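The data block below is start-v8.pdb; it holds PDB, C-alpha atoms, pLDDT in the B column.
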```pdb
ATOM      1  CA  MET L 918      27.986  20.720 -16.512  1.00 42.00           C
ATOM      2  CA  ALA L 919      26.755  20.548 -20.103  1.00 47.00           C
ATOM      3  CA  THR L 920      25.511  17.215 -21.348  1.00 51.00           C
ATOM      4  CA  ALA L 921      27.699  15.278 -23.753  1.00 52.00           C
ATOM      5  CA  ALA L 922      26.230  14.964 -27.244  1.00 50.00           C
ATOM      6  CA  PRO L 923      26.065  11.372 -28.496  1.00 52.00           C
ATOM      7  CA  SER L 924      28.654  10.439 -31.102  1.00 55.00           C
ATOM      8  CA  ALA L 925      27.530   9.310 -34.542  1.00 53.00           C
ATOM      9  CA  ALA L 926      28.520   5.728 -33.736  1.00 49.00           C
ATOM     10  CA  SER L 927      26.554   5.578 -30.521  1.00 57.00           C
ATOM     11  CA  ARG L 928      23.453   7.661 -31.141  1.00 91.00           C
ATOM     12  CA  ILE L 929      20.904   4.824 -31.226  1.00 97.00           C
ATOM     13  CA  ALA L 930      19.126   4.313 -27.900  1.00 98.00           C
ATOM     14  CA  ILE L 931      16.787   1.377 -27.346  1.00 98.00           C
ATOM     15  CA  VAL L 932      14.185   1.794 -24.613  1.00 98.00           C
ATOM     16  CA  THR L 933      12.147  -1.166 -23.405  1.00 98.00           C
ATOM     17  CA  GLY L 934       8.722  -0.750 -21.841  1.00 97.00           C
ATOM     18  CA  ALA L 935       8.331   2.467 -23.812  1.00 97.00           C
ATOM     19  CA  SER L 936       4.547   2.341 -24.136  1.00 96.00           C
ATOM     20  CA  SER L 937       3.895   4.327 -20.949  1.00 94.00           C
ATOM     21  CA  GLY L 938       5.311   5.784 -17.740  1.00 95.00           C
ATOM     22  CA  ILE L 939       9.063   5.956 -17.216  1.00 97.00           C
ATOM     23  CA  GLY L 940       9.844   4.274 -20.535  1.00 97.00           C
ATOM     24  CA  ALA L 941       7.827   6.737 -22.599  1.00 97.00           C
ATOM     25  CA  ALA L 942       9.228   9.718 -20.691  1.00 98.00           C
ATOM     26  CA  THR L 943      12.778   8.424 -21.135  1.00 98.00           C
ATOM     27  CA  ALA L 944      12.277   7.994 -24.862  1.00 98.00           C
ATOM     28  CA  ARG L 945      11.086  11.585 -25.173  1.00 98.00           C
ATOM     29  CA  GLN L 946      14.011  12.961 -23.199  1.00 98.00           C
ATOM     30  CA  LEU L 947      16.680  10.895 -24.948  1.00 98.00           C
ATOM     31  CA  ALA L 948      15.272  11.929 -28.321  1.00 98.00           C
ATOM     32  CA  ALA L 949      15.458  15.567 -27.260  1.00 97.00           C
ATOM     33  CA  ALA L 950      19.072  14.953 -26.207  1.00 97.00           C
ATOM     34  CA  GLY L 951      19.960  13.891 -29.745  1.00 96.00           C
ATOM     35  CA  TYR L 952      19.514  10.124 -29.755  1.00 97.00           C
ATOM     36  CA  ARG L 953      17.598   8.178 -32.366  1.00 97.00           C
ATOM     37  CA  VAL L 954      15.316   6.239 -30.077  1.00 98.00           C
ATOM     38  CA  VAL L 955      13.941   2.787 -30.747  1.00 98.00           C
ATOM     39  CA  LEU L 956      10.786   2.176 -28.740  1.00 98.00           C
ATOM     40  CA  THR L 957       9.941  -1.373 -27.736  1.00 98.00           C
ATOM     41  CA  ALA L 958       6.907  -2.727 -25.898  1.00 97.00           C
ATOM     42  CA  ARG L 959       4.142  -5.224 -26.502  1.00 95.00           C
ATOM     43  CA  ARG L 960       1.505  -2.556 -27.140  1.00 94.00           C
ATOM     44  CA  LYS L 961       2.238  -1.665 -30.742  1.00 96.00           C
ATOM     45  CA  ASP L 962      -0.358   1.078 -30.985  1.00 96.00           C
ATOM     46  CA  ARG L 963       1.092   2.943 -28.011  1.00 96.00           C
ATOM     47  CA  ILE L 964       4.700   2.941 -29.187  1.00 97.00           C
ATOM     48  CA  GLU L 965       3.721   3.832 -32.743  1.00 98.00           C
ATOM     49  CA  ALA L 966       1.793   6.844 -31.449  1.00 97.00           C
ATOM     50  CA  LEU L 967       4.768   7.881 -29.310  1.00 98.00           C
ATOM     51  CA  ALA L 968       7.186   7.489 -32.217  1.00 98.00           C
ATOM     52  CA  GLU L 969       4.927   9.725 -34.304  1.00 98.00           C
ATOM     53  CA  GLU L 970       4.795  12.300 -31.488  1.00 98.00           C
ATOM     54  CA  ILE L 971       8.590  12.350 -31.157  1.00 98.00           C
ATOM     55  CA  THR L 972       9.067  12.596 -34.925  1.00 98.00           C
ATOM     56  CA  LYS L 973       6.626  15.492 -35.194  1.00 98.00           C
ATOM     57  CA  ALA L 974       8.668  17.258 -32.504  1.00 97.00           C
ATOM     58  CA  GLY L 975      11.645  17.159 -34.858  1.00 97.00           C
ATOM     59  CA  HIS L 976      13.466  14.171 -33.376  1.00 97.00           C
ATOM     60  CA  GLN L 977      14.077  10.592 -34.533  1.00 96.00           C
ATOM     61  CA  ALA L 978      12.111   7.613 -33.305  1.00 97.00           C
ATOM     62  CA  THR L 979      10.975   4.215 -34.502  1.00 97.00           C
ATOM     63  CA  ALA L 980       8.659   1.671 -32.902  1.00 98.00           C
ATOM     64  CA  TYR L 981       9.168  -2.082 -32.676  1.00 97.00           C
ATOM     65  CA  ALA L 982       6.584  -4.302 -31.005  1.00 97.00           C
ATOM     66  CA  LEU L 983       8.465  -6.755 -28.810  1.00 97.00           C
ATOM     67  CA  ASP L 984       7.879  -9.159 -25.933  1.00 97.00           C
ATOM     68  CA  ILE L 985      11.199  -9.102 -24.090  1.00 98.00           C
ATOM     69  CA  THR L 986      10.498 -12.490 -22.487  1.00 97.00           C
ATOM     70  CA  ASP L 987      10.472 -14.126 -25.962  1.00 98.00           C
ATOM     71  CA  ARG L 988      14.154 -14.858 -26.590  1.00 98.00           C
ATOM     72  CA  ALA L 989      13.694 -15.780 -30.247  1.00 98.00           C
ATOM     73  CA  ALA L 990      11.915 -12.484 -30.897  1.00 98.00           C
ATOM     74  CA  VAL L 991      14.620 -10.568 -29.028  1.00 98.00           C
ATOM     75  CA  ASP L 992      17.381 -12.239 -31.055  1.00 98.00           C
ATOM     76  CA  GLU L 993      15.568 -11.394 -34.287  1.00 98.00           C
ATOM     77  CA  PHE L 994      15.174  -7.777 -33.128  1.00 98.00           C
ATOM     78  CA  ALA L 995      18.911  -7.532 -32.415  1.00 98.00           C
ATOM     79  CA  THR L 996      19.808  -8.462 -36.007  1.00 97.00           C
ATOM     80  CA  ALA L 997      18.494  -5.077 -37.152  1.00 95.00           C
ATOM     81  CA  PHE L 998      21.506  -3.294 -35.621  1.00 96.00           C
ATOM     82  CA  LYS L 999      25.235  -3.321 -36.290  1.00 94.00           C
ATOM     83  CA  THR L1000      25.909  -1.050 -33.349  1.00 95.00           C
ATOM     84  CA  ILE L1001      23.874   0.739 -30.719  1.00 97.00           C
ATOM     85  CA  GLY L1002      24.912   3.286 -28.138  1.00 97.00           C
ATOM     86  CA  VAL L1003      22.394   2.863 -25.325  1.00 98.00           C
ATOM     87  CA  LEU L1004      20.127   0.142 -23.997  1.00 98.00           C
ATOM     88  CA  VAL L1005      17.636   1.216 -21.349  1.00 98.00           C
ATOM     89  CA  ASN L1006      16.218  -1.891 -19.672  1.00 98.00           C
ATOM     90  CA  ASN L1007      13.080  -0.299 -18.274  1.00 97.00           C
ATOM     91  CA  ALA L1008      10.379  -2.919 -18.865  1.00 95.00           C
ATOM     92  CA  GLY L1009       9.201  -4.565 -15.665  1.00 94.00           C
ATOM     93  CA  GLY L1010       6.509  -4.090 -13.077  1.00 92.00           C
ATOM     94  CA  ALA L1011       4.835  -5.510 -10.008  1.00 90.00           C
ATOM     95  CA  LEU L1012       1.921  -7.901  -9.567  1.00 90.00           C
ATOM     96  CA  GLY L1013       0.088  -8.230  -6.259  1.00 91.00           C
ATOM     97  CA  ALA L1014       1.001  -7.361  -2.691  1.00 92.00           C
ATOM     98  CA  ASP L1015       0.265 -10.640  -0.946  1.00 94.00           C
ATOM     99  CA  PRO L1016       2.496 -12.040   1.795  1.00 95.00           C
ATOM    100  CA  VAL L1017       4.918 -14.833   1.004  1.00 96.00           C
ATOM    101  CA  ALA L1018       2.603 -17.361   2.646  1.00 97.00           C
ATOM    102  CA  THR L1019      -0.202 -16.749   0.151  1.00 96.00           C
ATOM    103  CA  GLY L1020       1.454 -15.095  -2.848  1.00 95.00           C
ATOM    104  CA  ASP L1021       0.550 -16.439  -6.278  1.00 96.00           C
ATOM    105  CA  PRO L1022       3.519 -18.325  -7.765  1.00 97.00           C
ATOM    106  CA  ALA L1023       2.305 -17.345 -11.245  1.00 96.00           C
ATOM    107  CA  ASP L1024       2.679 -13.668 -10.320  1.00 96.00           C
ATOM    108  CA  TRP L1025       6.151 -14.273  -8.912  1.00 97.00           C
ATOM    109  CA  ARG L1026       7.154 -16.130 -12.063  1.00 97.00           C
ATOM    110  CA  GLN L1027       5.827 -13.403 -14.354  1.00 96.00           C
ATOM    111  CA  MET L1028       7.611 -10.675 -12.377  1.00 96.00           C
ATOM    112  CA  TYR L1029      10.880 -12.595 -12.555  1.00 97.00           C
ATOM    113  CA  GLU L1030      10.475 -13.268 -16.267  1.00 97.00           C
ATOM    114  CA  THR L1031       9.845  -9.598 -17.035  1.00 96.00           C
ATOM    115  CA  ASN L1032      12.172  -7.831 -14.611  1.00 97.00           C
ATOM    116  CA  VAL L1033      15.107 -10.245 -14.768  1.00 98.00           C
ATOM    117  CA  ILE L1034      14.940 -12.653 -17.713  1.00 98.00           C
ATOM    118  CA  GLY L1035      13.669  -9.936 -20.062  1.00 98.00           C
ATOM    119  CA  THR L1036      16.549  -7.682 -19.026  1.00 98.00           C
ATOM    120  CA  LEU L1037      18.949 -10.597 -19.485  1.00 98.00           C
ATOM    121  CA  ASN L1038      17.559 -11.347 -22.958  1.00 98.00           C
ATOM    122  CA  LEU L1039      18.008  -7.803 -24.256  1.00 98.00           C
ATOM    123  CA  THR L1040      21.390  -7.325 -22.620  1.00 98.00           C
ATOM    124  CA  GLN L1041      22.821 -10.565 -23.972  1.00 98.00           C
ATOM    125  CA  ALA L1042      21.465  -9.993 -27.470  1.00 98.00           C
ATOM    126  CA  LEU L1043      22.657  -6.398 -27.711  1.00 98.00           C
ATOM    127  CA  LEU L1044      25.892  -6.385 -25.722  1.00 98.00           C
ATOM    128  CA  PRO L1045      28.039  -7.130 -28.808  1.00 97.00           C
ATOM    129  CA  LYS L1046      26.398  -4.163 -30.564  1.00 97.00           C
ATOM    130  CA  LEU L1047      27.137  -1.924 -27.575  1.00 98.00           C
ATOM    131  CA  VAL L1048      30.773  -3.020 -27.546  1.00 97.00           C
ATOM    132  CA  ALA L1049      31.012  -2.455 -31.312  1.00 96.00           C
ATOM    133  CA  SER L1050      29.914   1.162 -30.860  1.00 96.00           C
ATOM    134  CA  GLY L1051      33.073   1.865 -28.875  1.00 95.00           C
ATOM    135  CA  ASP L1052      31.053   3.868 -26.374  1.00 96.00           C
ATOM    136  CA  GLY L1053      28.062   1.910 -25.099  1.00 97.00           C
ATOM    137  CA  THR L1054      25.806   2.249 -22.079  1.00 98.00           C
ATOM    138  CA  VAL L1055      23.535  -0.331 -20.451  1.00 98.00           C
ATOM    139  CA  VAL L1056      20.946   1.088 -18.071  1.00 98.00           C
ATOM    140  CA  VAL L1057      18.998  -1.143 -15.700  1.00 98.00           C
ATOM    141  CA  VAL L1058      15.973   0.576 -14.181  1.00 98.00           C
ATOM    142  CA  SER L1059      15.568  -1.343 -10.957  1.00 98.00           C
ATOM    143  CA  SER L1060      13.856  -0.008  -7.835  1.00 97.00           C
ATOM    144  CA  THR L1061      14.519   0.770  -4.210  1.00 97.00           C
ATOM    145  CA  ALA L1062      12.767  -2.608  -3.805  1.00 95.00           C
ATOM    146  CA  GLY L1063      15.998  -4.076  -5.129  1.00 95.00           C
ATOM    147  CA  HIS L1064      17.875  -2.729  -2.124  1.00 96.00           C
ATOM    148  CA  GLY L1065      15.500  -3.309   0.792  1.00 95.00           C
ATOM    149  CA  THR L1066      12.445  -5.436   1.420  1.00 94.00           C
ATOM    150  CA  TYR L1067       8.985  -4.652   2.768  1.00 93.00           C
ATOM    151  CA  GLU L1068       5.945  -6.649   3.796  1.00 94.00           C
ATOM    152  CA  GLY L1069       3.728  -7.681   0.932  1.00 93.00           C
ATOM    153  CA  GLY L1070       6.463  -7.078  -1.602  1.00 94.00           C
ATOM    154  CA  GLY L1071       8.249 -10.417  -1.613  1.00 95.00           C
ATOM    155  CA  GLY L1072       7.825 -11.308  -5.264  1.00 96.00           C
ATOM    156  CA  TYR L1073       8.564  -7.836  -6.612  1.00 95.00           C
ATOM    157  CA  VAL L1074      11.446  -7.342  -4.184  1.00 97.00           C
ATOM    158  CA  ALA L1075      12.972 -10.672  -5.238  1.00 97.00           C
ATOM    159  CA  ALA L1076      12.705  -9.739  -8.903  1.00 97.00           C
ATOM    160  CA  LYS L1077      14.211  -6.295  -8.426  1.00 97.00           C
ATOM    161  CA  HIS L1078      17.029  -7.739  -6.313  1.00 98.00           C
ATOM    162  CA  GLY L1079      17.670  -9.963  -9.320  1.00 98.00           C
ATOM    163  CA  ALA L1080      17.814  -6.952 -11.636  1.00 98.00           C
ATOM    164  CA  HIS L1081      20.196  -5.188  -9.252  1.00 98.00           C
ATOM    165  CA  VAL L1082      22.519  -8.186  -9.055  1.00 98.00           C
ATOM    166  CA  LEU L1083      22.435  -8.589 -12.840  1.00 98.00           C
ATOM    167  CA  ALA L1084      23.672  -5.015 -13.271  1.00 98.00           C
ATOM    168  CA  GLU L1085      26.268  -5.293 -10.523  1.00 98.00           C
ATOM    169  CA  THR L1086      27.670  -8.564 -11.862  1.00 98.00           C
ATOM    170  CA  LEU L1087      27.707  -7.417 -15.484  1.00 98.00           C
ATOM    171  CA  ARG L1088      29.733  -4.350 -14.491  1.00 98.00           C
ATOM    172  CA  LEU L1089      32.368  -6.593 -12.924  1.00 98.00           C
ATOM    173  CA  GLU L1090      32.456  -8.988 -15.861  1.00 98.00           C
ATOM    174  CA  ILE L1091      32.874  -6.446 -18.671  1.00 98.00           C
ATOM    175  CA  VAL L1092      35.226  -3.978 -16.999  1.00 98.00           C
ATOM    176  CA  GLY L1093      37.764  -2.913 -19.603  1.00 97.00           C
ATOM    177  CA  GLN L1094      35.183  -3.044 -22.388  1.00 98.00           C
ATOM    178  CA  PRO L1095      33.896   0.290 -23.780  1.00 97.00           C
ATOM    179  CA  VAL L1096      30.497  -0.146 -22.109  1.00 98.00           C
ATOM    180  CA  ARG L1097      29.167   1.455 -18.927  1.00 98.00           C
ATOM    181  CA  VAL L1098      26.596  -0.266 -16.708  1.00 98.00           C
ATOM    182  CA  ILE L1099      24.273   2.117 -14.877  1.00 98.00           C
ATOM    183  CA  GLU L1100      21.567   1.215 -12.382  1.00 98.00           C
ATOM    184  CA  ILE L1101      18.799   3.699 -11.612  1.00 98.00           C
ATOM    185  CA  ALA L1102      16.711   2.710  -8.569  1.00 98.00           C
ATOM    186  CA  PRO L1103      13.574   4.855  -8.115  1.00 97.00           C
ATOM    187  CA  GLY L1104      11.433   4.844  -4.996  1.00 97.00           C
ATOM    188  CA  MET L1105       7.806   5.979  -4.993  1.00 95.00           C
ATOM    189  CA  VAL L1106       6.889   7.019  -8.529  1.00 96.00           C
ATOM    190  CA  LYS L1107       3.321   7.901  -9.430  1.00 93.00           C
ATOM    191  CA  THR L1108       2.481   6.866 -12.971  1.00 88.00           C
ATOM    192  CA  ASP L1109      -0.813   6.090 -14.648  1.00 84.00           C
ATOM    193  CA  GLU L1110      -0.328   2.335 -14.653  1.00 80.00           C
ATOM    194  CA  PHE L1111       2.183   0.937 -12.128  1.00 85.00           C
ATOM    195  CA  ALA L1112      -0.002   0.641  -9.020  1.00 80.00           C
ATOM    196  CA  LEU L1113      -3.136   0.008 -11.078  1.00 81.00           C
ATOM    197  CA  THR L1114      -1.473  -2.969 -12.759  1.00 84.00           C
ATOM    198  CA  ARG L1115      -0.109  -4.218  -9.447  1.00 86.00           C
ATOM    199  CA  PHE L1116      -3.593  -4.336  -7.941  1.00 82.00           C
ATOM    200  CA  GLY L1117      -5.346  -5.828 -10.945  1.00 85.00           C
ATOM    201  CA  GLY L1118      -7.080  -2.607 -11.963  1.00 85.00           C
ATOM    202  CA  ASP L1119      -8.444  -1.828  -8.483  1.00 80.00           C
ATOM    203  CA  GLU L1120      -8.416   1.980  -8.521  1.00 85.00           C
ATOM    204  CA  ASP L1121      -9.045   2.336  -4.789  1.00 87.00           C
ATOM    205  CA  LYS L1122      -6.074   0.141  -3.838  1.00 88.00           C
ATOM    206  CA  ALA L1123      -3.884   1.921  -6.371  1.00 85.00           C
ATOM    207  CA  ALA L1124      -4.827   5.329  -4.983  1.00 88.00           C
ATOM    208  CA  LYS L1125      -3.977   4.214  -1.435  1.00 89.00           C
ATOM    209  CA  VAL L1126      -0.329   3.819  -2.406  1.00 90.00           C
ATOM    210  CA  TYR L1127       0.027   7.571  -2.910  1.00 91.00           C
ATOM    211  CA  GLU L1128      -2.572   8.771  -0.411  1.00 93.00           C
ATOM    212  CA  GLY L1129      -1.424  11.851   1.474  1.00 95.00           C
ATOM    213  CA  VAL L1130       1.912  12.065  -0.376  1.00 96.00           C
ATOM    214  CA  ALA L1131       2.003  15.581  -1.789  1.00 91.00           C
ATOM    215  CA  GLU L1132       4.708  15.027  -4.379  1.00 95.00           C
ATOM    216  CA  PRO L1133       5.703  11.495  -5.287  1.00 96.00           C
ATOM    217  CA  LEU L1134       8.226  11.201  -8.090  1.00 96.00           C
ATOM    218  CA  THR L1135       6.912  11.452 -11.646  1.00 96.00           C
ATOM    219  CA  ALA L1136       7.939   9.513 -14.733  1.00 96.00           C
ATOM    220  CA  ASP L1137       9.632  12.678 -15.986  1.00 97.00           C
ATOM    221  CA  ASP L1138      11.688  12.924 -12.780  1.00 98.00           C
ATOM    222  CA  VAL L1139      13.066   9.445 -13.314  1.00 98.00           C
ATOM    223  CA  ALA L1140      13.562   9.966 -17.053  1.00 98.00           C
ATOM    224  CA  ASP L1141      15.500  13.144 -16.330  1.00 98.00           C
ATOM    225  CA  THR L1142      17.787  11.183 -14.006  1.00 98.00           C
ATOM    226  CA  ILE L1143      18.283   8.398 -16.563  1.00 98.00           C
ATOM    227  CA  THR L1144      19.080  10.895 -19.303  1.00 98.00           C
ATOM    228  CA  TRP L1145      21.494  12.782 -17.043  1.00 98.00           C
ATOM    229  CA  ALA L1146      23.379   9.584 -16.204  1.00 98.00           C
ATOM    230  CA  ILE L1147      23.597   8.521 -19.857  1.00 98.00           C
ATOM    231  CA  THR L1148      24.835  11.910 -21.030  1.00 97.00           C
ATOM    232  CA  ARG L1149      27.766  12.128 -18.606  1.00 97.00           C
ATOM    233  CA  PRO L1150      31.196  12.006 -20.292  1.00 96.00           C
ATOM    234  CA  SER L1151      32.117   8.501 -21.405  1.00 95.00           C
ATOM    235  CA  HIS L1152      34.631   7.936 -18.613  1.00 96.00           C
ATOM    236  CA  VAL L1153      32.012   8.692 -15.932  1.00 98.00           C
ATOM    237  CA  ASN L1154      29.964   5.670 -14.798  1.00 98.00           C
ATOM    238  CA  VAL L1155      27.026   6.273 -12.488  1.00 98.00           C
ATOM    239  CA  ASP L1156      27.107   2.802 -10.922  1.00 98.00           C
ATOM    240  CA  LEU L1157      23.974   3.215  -8.810  1.00 98.00           C
ATOM    241  CA  LEU L1158      21.665   6.152  -8.335  1.00 98.00           C
ATOM    242  CA  VAL L1159      18.794   5.865  -5.839  1.00 98.00           C
ATOM    243  CA  LEU L1160      16.113   8.531  -6.026  1.00 98.00           C
ATOM    244  CA  ARG L1161      13.036   9.013  -3.896  1.00 98.00           C
ATOM    245  CA  PRO L1162      10.572  11.814  -3.269  1.00 97.00           C
ATOM    246  CA  ARG L1163      11.435  13.961  -0.261  1.00 97.00           C
ATOM    247  CA  ALA L1164       8.459  12.485   1.604  1.00 97.00           C
ATOM    248  CA  GLN L1165       9.898   8.960   1.407  1.00 97.00           C
ATOM    249  CA  ALA L1166      12.767   8.114   3.741  1.00 97.00           C
ATOM    250  CA  SER L1167      12.728   4.376   3.038  1.00 96.00           C
ATOM    251  CA  ASN L1168      10.537   1.711   1.469  1.00 94.00           C
ATOM    252  CA  THR L1169       8.506   1.583   4.672  1.00 94.00           C
ATOM    253  CA  LYS L1170       8.685   5.157   6.031  1.00 96.00           C
ATOM    254  CA  VAL L1171       6.683   7.722   4.090  1.00 96.00           C
ATOM    255  CA  HIS L1172       5.331  11.046   5.327  1.00 97.00           C
ATOM    256  CA  ARG L1173       1.643  11.426   4.528  1.00 96.00           C
ATOM    257  CA  ASP L1174      -0.586  14.443   5.165  1.00 94.00           C
ATOM    258  CA  LEU L1175      -3.838  12.703   6.117  1.00 86.00           C
TER     259      LEU L1175
END
```

Represent the structure of the file as structure tokens.
Amino acid sequence: MATAAPSAASRIAIVTGASSGIGAATARQLAAAGYRVVLTARRKDRIEALAEEITKAGHQATAYALDITDRAAVDEFATAFKTIGVLVNNAGGALGADPVATGDPADWRQMYETNVIGTLNLTQALLPKLVASGDGTVVVVSSTAGHGTYEGGGGYVAAKHGAHVLAETLRLEIVGQPVRVIEIAPGMVKTDEFALTRFGGDEDKAAKVYEGVAEPLTADDVADTITWAITRPSHVNVDLLVLRPRAQASNTKVHRDL
């Protein structure tokens, strides 16, 4: 089925966490699909470089440095728009892999602030703009961690369960409004930064996550799925789409060639 071109009223797509990984790949693909993408992240230099890359490719992109956990900054950001068509809540991440008994509460708090409160901030601030477009879409990029737990993942799992429940509840609460709520839940995705950030820059620990897995998902795989879901006809809502590499049967069962 051909993708649906965005209407003039709903062609602005805001992507959070667009400085790298899934966010950057999603911005590229949405721009290629005809959206004017607005890139947000804390790393201004990264999103400005990406906006320049997208513009040079003949598409439309702007960069806006933003900390999604700063509600005042988010509210100020939202005033720049009368309407928007798409909000991709992608910013998030994991910190640490300690058991519940010894996990750092500061890490848990930061994961919750980014994955849940940040998503809440953007969604609340921009929901009226999405409704005003007459054809809006909210995407929450959660994780398979939001649907099943695993040892050493307590803090991240709790945060992603929060993101999942936010999306599920919002869908119930705004039914009848011209806004879809889509949740994309990726499994094992190999990006340059996710595991490295989780393990505090320890390259050996980060590499162990993907050891022996021939083809984990890539950022482009997930971005392709996000873009596909967004570009379905307006009456089609992809409530929840879970994607994993073929080698991963669950959060705890992965085939490795070692």

**Message:** One number please: CA of Ala1014 (chain L) to CA of Glu1030 (chain L), in Å, one decimal.
**Reply:**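 Separation of CA of Ala1014 (chain L) and CA of Glu1030 (chain L): 17.6 Å.
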
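The set of protein, DNA and RNA residues with any counted atom at most 12 Å from (14.2, -15.1, -28.0) (all atoms listed in the file) reads Leu983, Asp984, Ile985, Thr986, Asp987, Arg988, Ala989, Ala990, Val991, Asp992, Glu993, Phe994, Ala995, Thr996, Ile1034, Gly1035, Thr1036, Leu1037, Asn1038, Leu1039, Thr1040, Gln1041 and Ala1042 of chain L.
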
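Of the listed residues L:Ala1084, L:Tyr1073, L:Arg1163, L:Gly1013, the one whose atoms come nearest to Asp1119 (chain L) is L:Gly1013, with distances taken using only C-alpha atoms.
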
**Asked** Closest to Met1105 (chain L) among L:Gln1027, L:Ser1151, L:Asn1168, L:Thr1142, using only C-alpha atoms?
**Response**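 Once distances to Met1105 (chain L) are computed over only C-alpha atoms, the minimum belongs to L:Asn1168.
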
**Message:** From the options L:Gly975, L:Gly940, L:Pro1150, L:Gly934, which residue's atoms come nearest to Ala1136 (chain L), counting all atoms listed in the file?
**Reply:**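 Using all atoms listed in the file, the shortest distance to Ala1136 (chain L) belongs to L:Gly940.
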
**Request:** Please provide as an NGL selection string all residues within 6 Å of region 941-953 of chain L, with the sequence filter that same-chain residues fewer than 2 positions apart are discarded (counting all atoms listed in the file).
**Result:** :L and (928-929 or 935-939 or 976-978 or 1137 or 1140)

**Request:** Determine, counting all atoms listed in the file, which protein, DNA and RNA residues have an atom within 8 Å of an atom of region 1088-1096 of chain L; residues of the same chain fewer than 5 positions away are not included. Present the result as a PyMOL selection string.
**Result:** chain L and resi 1047-1048+1051-1055

**Message:** Please report the interatomic distance between CA of Ile1099 (chain L) and CA of Ala1164 (chain L) in Å with one decimal.
**Reply:** 25.1 Å

**Message:** What's the separation between CA of Val1056 (chain L) and CA of Val955 (chain L), in Å to one decimal place?
**Reply:**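 Straight-line distance from CA of Val1056 (chain L) to CA of Val955 (chain L) works out to 14.6 Å.
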
**Message:** Evaluate the PyMOL selection byres ((chain L and resi 1135) around 8) against this structure - the residues, as a ChimeraX atom specification, please.
**Reply:** /L:1106-1108,1133-1134,1136-1139

Writing N, CA and C atoms and nothing else, produce region 1114-1126 of chain L as a CSV table (one decimal), in the first residue's frame.
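selection09.csv, freshly written:
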```
chain,number,residue,atom,x,y,z
L,1114,THR,N,25.9,4.3,26.8
L,1114,THR,CA,25.3,5.2,27.8
L,1114,THR,C,24.9,4.4,29.0
L,1115,ARG,N,24.2,3.3,28.8
L,1115,ARG,CA,23.7,2.5,29.9
L,1115,ARG,C,24.8,2.1,30.8
L,1116,PHE,N,26.0,1.7,30.3
L,1116,PHE,CA,27.1,1.2,31.1
L,1116,PHE,C,28.2,2.3,31.3
L,1117,GLY,N,27.8,3.5,31.3
L,1117,GLY,CA,28.7,4.6,31.7
L,1117,GLY,C,29.9,4.7,30.8
L,1118,GLY,N,29.8,4.4,29.5
L,1118,GLY,CA,30.9,4.5,28.6
L,1118,GLY,C,31.8,3.2,28.6
L,1119,ASP,N,31.5,2.2,29.3
L,1119,ASP,CA,32.3,1.0,29.3
L,1119,ASP,C,32.0,0.2,28.0
L,1120,GLU,N,33.0,0.3,27.1
L,1120,GLU,CA,32.8,-0.3,25.8
L,1120,GLU,C,32.7,-1.8,25.8
L,1121,ASP,N,33.4,-2.5,26.7
L,1121,ASP,CA,33.4,-3.9,26.8
L,1121,ASP,C,32.0,-4.4,27.2
L,1122,LYS,N,31.4,-3.8,28.2
L,1122,LYS,CA,30.1,-4.1,28.7
L,1122,LYS,C,29.0,-3.9,27.6
L,1123,ALA,N,29.2,-2.7,26.9
L,1123,ALA,CA,28.3,-2.4,25.8
L,1123,ALA,C,28.3,-3.4,24.7
L,1124,ALA,N,29.5,-3.9,24.4
L,1124,ALA,CA,29.7,-4.9,23.3
L,1124,ALA,C,29.0,-6.2,23.7
L,1125,LYS,N,29.1,-6.5,25.0
L,1125,LYS,CA,28.5,-7.8,25.4
L,1125,LYS,C,27.0,-8.0,25.1
L,1126,VAL,N,26.3,-6.8,25.1
L,1126,VAL,CA,24.9,-6.9,24.9
L,1126,VAL,C,24.6,-7.5,23.5
```
